[in-house]
>>> print(open('run_21.cif').read())   # mmCIF, C-alpha atoms
data_my_file
#
loop_
_atom_site.label_atom_id
_atom_site.label_comp_id
_atom_site.auth_asym_id
_atom_site.auth_seq_id
_atom_site.Cartn_x
_atom_site.Cartn_y
_atom_site.Cartn_z
CA MET A 15 79.56 147.33 153.60
CA ALA A 16 76.62 148.66 155.60
CA ARG A 17 73.24 149.29 154.10
CA THR A 18 72.17 152.92 154.14
CA ARG A 19 68.68 154.25 153.61
CA VAL A 20 68.37 156.09 150.30
CA ARG A 21 65.90 158.53 148.85
CA PHE A 22 64.37 157.79 145.46
CA ALA A 23 62.61 161.12 145.03
CA PRO A 24 65.54 162.72 143.11
CA LEU A 25 65.29 159.95 140.53
CA VAL A 26 61.73 160.90 139.65
CA ALA A 27 62.77 164.49 139.14
CA LEU A 28 65.76 163.43 137.06
CA ALA A 29 63.55 161.30 134.85
CA ALA A 30 61.36 164.32 134.19
CA LEU A 31 64.39 166.48 133.42
CA SER A 32 65.79 163.97 130.98
CA GLY A 33 62.49 163.24 129.29
CA ALA A 34 63.00 159.56 130.01
CA VAL A 35 60.12 157.12 130.24
CA PRO A 36 60.10 155.78 133.83
CA LEU A 37 59.64 152.22 134.94
CA LEU A 38 59.56 150.57 131.53
CA ALA A 39 58.45 146.97 131.56
CA GLY A 40 60.74 144.38 130.04
CA CYS A 41 64.02 146.03 130.98
CA GLY A 42 67.07 143.78 131.08
CA SER A 43 68.02 142.08 134.32
CA GLU A 44 70.07 139.20 135.63
CA ASP A 45 67.29 136.88 134.46
CA SER A 46 66.75 138.35 131.01
CA PRO A 47 69.04 137.86 128.02
CA GLY A 48 70.13 141.50 127.66
CA PRO A 49 72.31 142.28 124.62
CA GLU A 50 72.68 139.35 122.26
CA ASN A 51 76.29 138.21 121.73
CA PRO A 52 77.71 141.43 123.25
CA GLY A 53 81.24 140.64 122.07
CA ALA A 54 80.31 139.47 118.58
CA GLY A 55 81.26 141.36 115.43
CA GLY A 56 83.82 143.47 117.25
CA HIS A 57 81.14 145.19 119.35
CA LYS A 58 82.62 146.47 122.60
CA PRO A 59 80.16 146.35 125.49
CA VAL A 60 79.15 149.70 126.94
CA VAL A 61 79.15 149.43 130.72
CA VAL A 62 77.88 151.80 133.39
CA ALA A 63 79.06 151.03 136.92
CA THR A 64 77.71 152.66 140.03
CA THR A 65 81.15 153.00 141.68
CA THR A 66 84.83 152.60 140.80
CA TRP A 67 84.75 149.20 142.53
CA GLU A 68 82.23 147.76 140.07
CA GLY A 69 83.97 149.69 137.31
CA ALA A 70 87.27 148.01 138.16
CA PHE A 71 85.68 144.58 137.96
CA ALA A 72 84.23 145.50 134.56
CA LYS A 73 87.60 146.72 133.29
CA ALA A 74 89.33 143.61 134.61
CA ALA A 75 86.77 141.50 132.73
CA GLY A 76 87.70 143.20 129.45
CA ALA A 77 85.24 146.09 129.17
CA GLU A 78 86.86 149.18 127.65
CA ASP A 79 83.92 151.58 127.60
CA VAL A 80 83.16 151.99 131.30
CA THR A 81 81.38 154.95 132.88
CA VAL A 82 81.29 155.33 136.66
CA ILE A 83 78.38 157.19 138.22
CA VAL A 84 79.35 157.73 141.86
CA PRO A 85 82.52 159.80 142.41
CA ARG A 86 85.27 158.04 144.37
CA SER A 87 85.08 160.78 146.99
CA VAL A 88 81.63 159.49 148.02
CA HIS A 89 82.49 156.70 150.44
CA HIS A 90 78.89 155.60 150.97
CA ALA A 91 77.53 155.12 147.47
CA PRO A 92 73.86 154.64 148.51
CA ASP A 93 73.82 158.28 149.69
CA TYR A 94 74.59 159.59 146.20
CA ASP A 95 71.89 161.54 144.34
CA PRO A 96 72.19 160.77 140.59
CA LYS A 97 72.37 163.60 138.06
CA PRO A 98 70.69 163.91 134.64
CA SER A 99 74.04 163.08 133.01
CA ASP A 100 74.05 159.79 134.92
CA LEU A 101 70.71 158.85 133.37
CA ALA A 102 71.99 159.76 129.93
CA ALA A 103 74.93 157.40 130.38
CA VAL A 104 72.69 154.57 131.59
CA ALA A 105 70.36 155.02 128.61
CA LYS A 106 73.23 154.12 126.24
CA ALA A 107 74.59 151.19 128.22
CA ASP A 108 74.57 147.48 127.43
CA PHE A 109 75.17 146.60 131.08
CA VAL A 110 74.60 148.39 134.38
CA LEU A 111 76.70 147.02 137.24
CA TYR A 112 75.66 147.55 140.85
CA ALA A 113 76.05 146.06 144.33
CA PRO A 114 73.20 144.86 146.54
CA PHE A 115 73.83 147.68 149.04
CA GLU A 116 73.05 150.21 146.26
CA PRO A 117 69.28 149.76 145.88
CA TYR A 118 68.87 152.83 143.70
CA ALA A 119 70.74 151.24 140.78
CA GLY A 120 67.65 149.53 139.40
CA LYS A 121 65.64 152.74 139.72
CA ILE A 122 68.30 154.59 137.72
CA LYS A 123 68.03 152.12 134.86
CA GLU A 124 64.26 152.12 134.88
CA ALA A 125 64.02 155.91 135.05
CA ALA A 126 66.38 156.22 132.10
CA GLY A 127 64.30 153.81 130.02
CA SER A 128 67.40 151.72 129.41
CA LYS A 129 67.31 148.22 127.97
CA ALA A 130 70.63 147.44 129.55
CA ARG A 131 71.17 144.25 131.48
CA LEU A 132 71.26 144.93 135.20
CA VAL A 133 74.07 142.89 136.79
CA GLU A 134 74.64 142.53 140.52
CA VAL A 135 78.36 142.31 141.26
CA ASN A 136 79.89 140.39 144.14
CA LEU A 137 82.28 143.02 145.46
CA ASP A 138 84.86 140.92 147.28
CA ASN A 139 88.60 141.46 146.90
CA ASP A 140 89.44 137.97 148.09
CA PRO A 141 91.58 136.89 145.10
CA ALA A 142 89.72 133.63 144.45
CA ARG A 143 86.31 135.30 144.60
CA ALA A 144 87.46 138.33 142.61
CA GLY A 145 88.91 136.08 139.91
CA ALA A 146 85.69 134.07 139.70
CA GLU A 147 83.60 137.23 139.43
CA VAL A 148 85.80 138.67 136.68
CA THR A 149 85.50 135.39 134.78
CA ARG A 150 81.70 135.54 135.12
CA LEU A 151 81.56 139.13 133.87
CA GLY A 152 83.84 138.26 130.94
CA GLY A 153 81.32 135.60 129.95
CA LEU A 154 78.50 138.14 130.05
CA PHE A 155 80.47 140.74 128.08
CA GLY A 156 81.83 138.29 125.51
CA THR A 157 85.38 139.18 126.61
CA GLU A 158 86.42 135.85 128.09
CA ASP A 159 89.98 135.99 126.80
CA ALA A 160 90.66 139.39 128.36
CA ALA A 161 89.16 138.24 131.65
CA GLU A 162 91.37 135.16 131.69
CA ARG A 163 94.47 137.23 131.01
CA TRP A 164 93.61 139.53 133.90
CA LYS A 165 93.02 136.60 136.22
CA THR A 166 96.51 135.31 135.37
CA ARG A 167 97.93 138.74 136.25
CA LEU A 168 95.97 138.73 139.51
CA ASP A 169 97.34 135.34 140.53
CA GLY A 170 100.90 136.47 139.79
CA GLU A 171 100.50 139.79 141.63
CA VAL A 172 98.99 138.18 144.71
CA ALA A 173 101.74 135.54 144.89
CA LYS A 174 104.40 138.25 144.58
CA LEU A 175 102.87 140.50 147.25
CA ASN A 176 102.26 137.59 149.59
CA GLY A 177 105.92 136.58 149.34
CA GLU A 178 107.13 140.12 149.99
CA LEU A 179 104.87 140.55 153.01
CA LYS A 180 105.88 137.22 154.53
CA SER A 181 109.52 138.24 154.24
CA ALA A 182 108.65 141.35 156.27
CA TRP A 183 106.97 139.53 159.17
CA PRO A 184 108.29 140.99 162.43
CA GLY A 185 110.54 138.40 163.99
CA GLY A 186 109.82 136.08 161.10
CA ARG A 187 106.45 135.11 162.60
CA SER A 188 102.94 135.54 161.15
CA PRO A 189 101.48 138.70 162.72
CA VAL A 190 98.34 138.39 164.84
CA VAL A 191 95.55 140.63 163.56
CA VAL A 192 91.95 141.65 164.06
CA THR A 193 90.22 142.75 160.88
CA GLN A 194 87.02 144.41 159.78
CA VAL A 195 84.92 141.84 157.94
CA PHE A 196 85.34 143.53 154.54
CA THR A 197 89.13 143.76 154.80
CA ALA A 198 89.80 140.14 155.74
CA TRP A 199 91.27 139.61 152.26
CA ALA A 200 94.15 141.92 153.19
CA ALA A 201 94.97 139.81 156.24
CA ASP A 202 95.12 136.76 153.99
CA LEU A 203 97.33 138.67 151.54
CA ALA A 204 99.84 139.22 154.34
CA GLY A 205 99.64 135.64 155.57
CA ALA A 206 98.54 137.07 158.91
CA THR A 207 96.91 135.08 161.70
CA THR A 208 93.37 136.46 162.13
CA VAL A 209 92.12 136.04 165.69
CA GLY A 210 88.91 138.05 165.37
CA THR A 211 86.73 140.18 163.13
CA TYR A 212 84.38 143.10 163.70
CA GLY A 213 81.75 145.11 161.84
CA PRO A 214 80.02 146.23 159.84
CA GLU A 215 77.94 147.12 162.91
CA PRO A 216 79.59 149.23 165.65
CA VAL A 217 81.88 147.39 168.05
CA THR A 218 80.11 146.84 171.37
CA PRO A 219 82.01 147.17 174.66
CA SER A 220 81.86 143.41 175.23
CA ARG A 221 83.13 142.71 171.71
CA LEU A 222 85.88 145.29 172.17
CA ALA A 223 87.00 143.57 175.38
CA SER A 224 86.94 140.17 173.67
CA LEU A 225 89.04 141.36 170.72
CA SER A 226 91.52 143.23 172.92
CA ALA A 227 92.01 140.12 175.03
CA LYS A 228 93.37 138.33 171.96
CA LYS A 229 96.28 140.80 171.97
CA PRO A 230 96.49 141.53 168.23
CA ALA A 231 99.52 143.35 166.90
CA TYR A 232 97.46 145.02 164.15
CA VAL A 233 93.89 146.04 163.45
CA LEU A 234 92.98 146.13 159.76
CA ASP A 235 90.32 148.81 159.39
CA ASN A 236 88.04 149.46 156.41
CA ALA A 237 89.10 152.92 155.24
CA HIS A 238 85.68 153.51 153.68
CA MET A 239 83.73 152.68 156.85
CA SER A 240 86.11 153.70 159.61
CA THR A 241 84.64 154.68 162.96
CA GLY A 242 87.93 155.80 164.41
CA THR A 243 90.28 153.83 166.63
CA VAL A 244 88.81 150.35 166.95
CA LEU A 245 90.78 148.99 169.91
CA PRO A 246 91.96 151.99 171.93
CA ASP A 247 94.52 151.33 174.64
CA SER A 248 95.16 147.82 173.29
CA GLY A 249 98.57 148.65 171.87
CA ALA A 250 97.52 147.33 168.43
CA ARG A 251 98.60 149.37 165.42
CA GLN A 252 95.62 150.26 163.21
CA VAL A 253 96.09 149.94 159.44
CA GLY A 254 93.63 151.49 156.98
CA ILE A 255 92.76 149.26 154.02
CA ALA A 256 90.97 150.68 150.97
CA ASN A 257 88.67 148.43 148.94
CA TYR A 258 87.89 150.92 146.18
CA PRO A 259 90.31 151.59 143.31
CA GLY A 260 91.05 155.03 141.89
CA GLU A 261 89.68 156.62 138.75
CA ASP A 262 92.00 154.45 136.66
CA LEU A 263 89.82 151.47 137.70
CA ASP A 264 92.90 149.35 138.36
CA LEU A 265 91.83 146.64 140.78
CA LEU A 266 95.38 145.28 141.03
CA ALA A 267 96.43 148.64 142.45
CA VAL A 268 94.14 147.98 145.43
CA TYR A 269 96.19 144.90 146.32
CA ARG A 270 99.46 146.80 145.89
CA ALA A 271 98.21 149.68 148.06
CA ALA A 272 97.08 147.31 150.80
CA ALA A 273 100.43 145.53 150.71
CA ALA A 274 102.24 148.86 150.99
CA GLU A 275 100.23 149.85 154.07
CA LEU A 276 100.79 146.47 155.68
CA ARG A 277 104.51 146.53 154.91
CA LYS A 278 104.83 150.01 156.37
CA ALA A 279 103.06 148.96 159.57
CA MET A 280 105.22 145.85 159.96
CA ASP A 281 108.43 147.75 159.29
CA GLU A 282 107.49 150.24 161.99
CA GLY A 283 106.98 147.42 164.47
#
>>> encode(input="run_21.cif", output="structure tokens")
Amino acid sequence: MARTRVRFAPLVALAALSGAVPLLAGCGSEDSPGPENPGAGGHKPVVVATTTWEGAFAKAAGAEDVTVIVPRSVHHAPDYDPKPSDLAAVAKADFVLYAPFEPYAGKIKEAAGSKARLVEVNLDNDPARAGAEVTRLGGLFGTEDAAERWKTRLDGEVAKLNGELKSAWPGGRSPVVVTQVFTAWAADLAGATTVGTYGPEPVTPSRLASLSAKKPAYVLDNAHMSTGTVLPDSGARQVGIANYPGEDLDLLAVYRAAAAELRKAMDEG
């Protein structure tokens, strides 16, 4: 996902509105211990996630009390201006989950005076990487068993969807695709043959010519970063793939939705 310049000025104003103490020293981070034994004694970790994507990873890892700051309708999270209610939620959290392309996350925690542990999440829907990240978060939350159960569900869901998509291959052959770099996991889900990638930067004319020359049947486009038709006049069918889950924070639904879009495109030829 592309980096976007953000403005920190609204955070200062929000800190004043909330009466929070800004920039406290000694706040939790990836390198500090954070909450001790977060899952001990029946304590359920309180998690604040910047977007539904991080929130879905937290839920998959076993967190039940998850608050998402950025509405799903905001496709570019770094553009979001936090509200006083966001700071209030962060102030009560045990963990604050963010992605590296959301540089304001640390400022939110500091402005709220929170002692929460700030955790950078590897937002990658590749099943192996997603499973590893959920396992890591489960270890941080003290919810290892729940994380392991989810990982088992993920493995089963991916195997099922992969089988269904392979049975739908046009002519029984692996489809040739070009994919945006952040939707390559969907090509793998379909068992497609990836002959090129593009993004996150705009596609240059020379790159466009190179990708078109590979004669892909499909272009898998990142629905959250789409710049329109990627390979016009190439004859390739463009398929939008969403990385973010809905408000239910169901990460498995992202795989099912991608499979449905791919199946529809293949059925239509």
>>> atom_distance(input="run_21.cif", atom1="atom CA of A:Phe109", atom2="atom CA of A:Val133")
6.9 Å
>>> resolve_selection(input="run_21.cif", expression="the PyMOL selection byres ((chain A and resi 172) around 9)", output="list of chain:residue names")
A:Pro141, A:Arg167, A:Leu168, A:Asp169, A:Gly170, A:Glu171, A:Ala173, A:Lys174, A:Leu175, A:Asn176, A:Gly177, A:Leu203, A:Leu266, A:Tyr269, A:Arg270
>>> resolve_selection(input="run_21.cif", expression="the PyMOL selection byres ((chain A and resi 224) around 12)", output="PDB file with C-alpha atoms, in the coordinates of the input")
ATOM      1  CA  VAL A 192      91.950 141.650 164.060  1.00  0.00           C
ATOM      2  CA  VAL A 209      92.120 136.040 165.690  1.00  0.00           C
ATOM      3  CA  GLY A 210      88.910 138.050 165.370  1.00  0.00           C
ATOM      4  CA  THR A 211      86.730 140.180 163.130  1.00  0.00           C
ATOM      5  CA  TYR A 212      84.380 143.100 163.700  1.00  0.00           C
ATOM      6  CA  VAL A 217      81.880 147.390 168.050  1.00  0.00           C
ATOM      7  CA  THR A 218      80.110 146.840 171.370  1.00  0.00           C
ATOM      8  CA  PRO A 219      82.010 147.170 174.660  1.00  0.00           C
ATOM      9  CA  SER A 220      81.860 143.410 175.230  1.00  0.00           C
ATOM     10  CA  ARG A 221      83.130 142.710 171.710  1.00  0.00           C
ATOM     11  CA  LEU A 222      85.880 145.290 172.170  1.00  0.00           C
ATOM     12  CA  ALA A 223      87.000 143.570 175.380  1.00  0.00           C
ATOM     13  CA  LEU A 225      89.040 141.360 170.720  1.00  0.00           C
ATOM     14  CA  SER A 226      91.520 143.230 172.920  1.00  0.00           C
ATOM     15  CA  ALA A 227      92.010 140.120 175.030  1.00  0.00           C
ATOM     16  CA  LYS A 228      93.370 138.330 171.960  1.00  0.00           C
ATOM     17  CA  LYS A 229      96.280 140.800 171.970  1.00  0.00           C
ATOM     18  CA  PRO A 230      96.490 141.530 168.230  1.00  0.00           C
ATOM     19  CA  LEU A 245      90.780 148.990 169.910  1.00  0.00           C
ATOM     20  CA  SER A 248      95.160 147.820 173.290  1.00  0.00           C
TER      21      SER A 248
END
>>> resolve_selection(input="run_21.cif", expression="the PyMOL selection byres ((chain A and resi 206) around 8)", output="PyMOL selection string")
chain A and resi 188-191+201-205+207-208
>>> write_last_selection(input="run_21.cif", atoms="C-alpha atoms", output="compact mmCIF listing (two decimals), in the coordinates of the input")
# COMPACT_ATOMS: atom_id res chain seq x y z
CA SER A 188 102.94 135.54 161.15
CA PRO A 189 101.48 138.70 162.72
CA VAL A 190 98.34 138.39 164.84
CA VAL A 191 95.55 140.63 163.56
CA ALA A 201 94.97 139.81 156.24
CA ASP A 202 95.12 136.76 153.99
CA LEU A 203 97.33 138.67 151.54
CA ALA A 204 99.84 139.22 154.34
CA GLY A 205 99.64 135.64 155.57
CA THR A 207 96.91 135.08 161.70
CA THR A 208 93.37 136.46 162.13
>>> atom_distance(input="run_21.cif", atom1="atom CA of A:Val253", atom2="atom CA of A:Arg143")
23.0 Å
>>> atom_distance(input="run_21.cif", atom1="atom CA of A:Phe155", atom2="atom CA of A:Pro59")
6.2 Å
>>> closest_residue(input="run_21.cif", among="A:Leu263, A:Ala279, A:Ala142, A:Leu234", to="A:Phe71", atoms="all atoms listed in the file")
A:Leu263
>>> closest_residue(input="run_21.cif", among="A:Ala161, A:Glu282, A:Phe196, A:Thr166", to="A:Ala70", atoms="all atoms listed in the file")
A:Ala161
>>> axis_aligned_box(input="run_21.cif", around="stretch 56-71 of chain A", padding_each_side="5 Å", output="AutoDock Vina command-line options")
--center_x 82.5 --center_y 148.2 --center_z 129.9 --size_x 19.6 --size_y 19.5 --size_z 35.3
>>> closest_residue(input="run_21.cif", among="A:Lys165, A:Asn139, A:Arg150, A:Arg251", to="A:Val195", atoms="all atoms listed in the file")
A:Asn139
>>> closest_residue(input="run_21.cif", among="A:Glu116, A:Glu178, A:Glu158, A:Glu275", to="A:Gly76", atoms="all atoms listed in the file")
A:Glu158
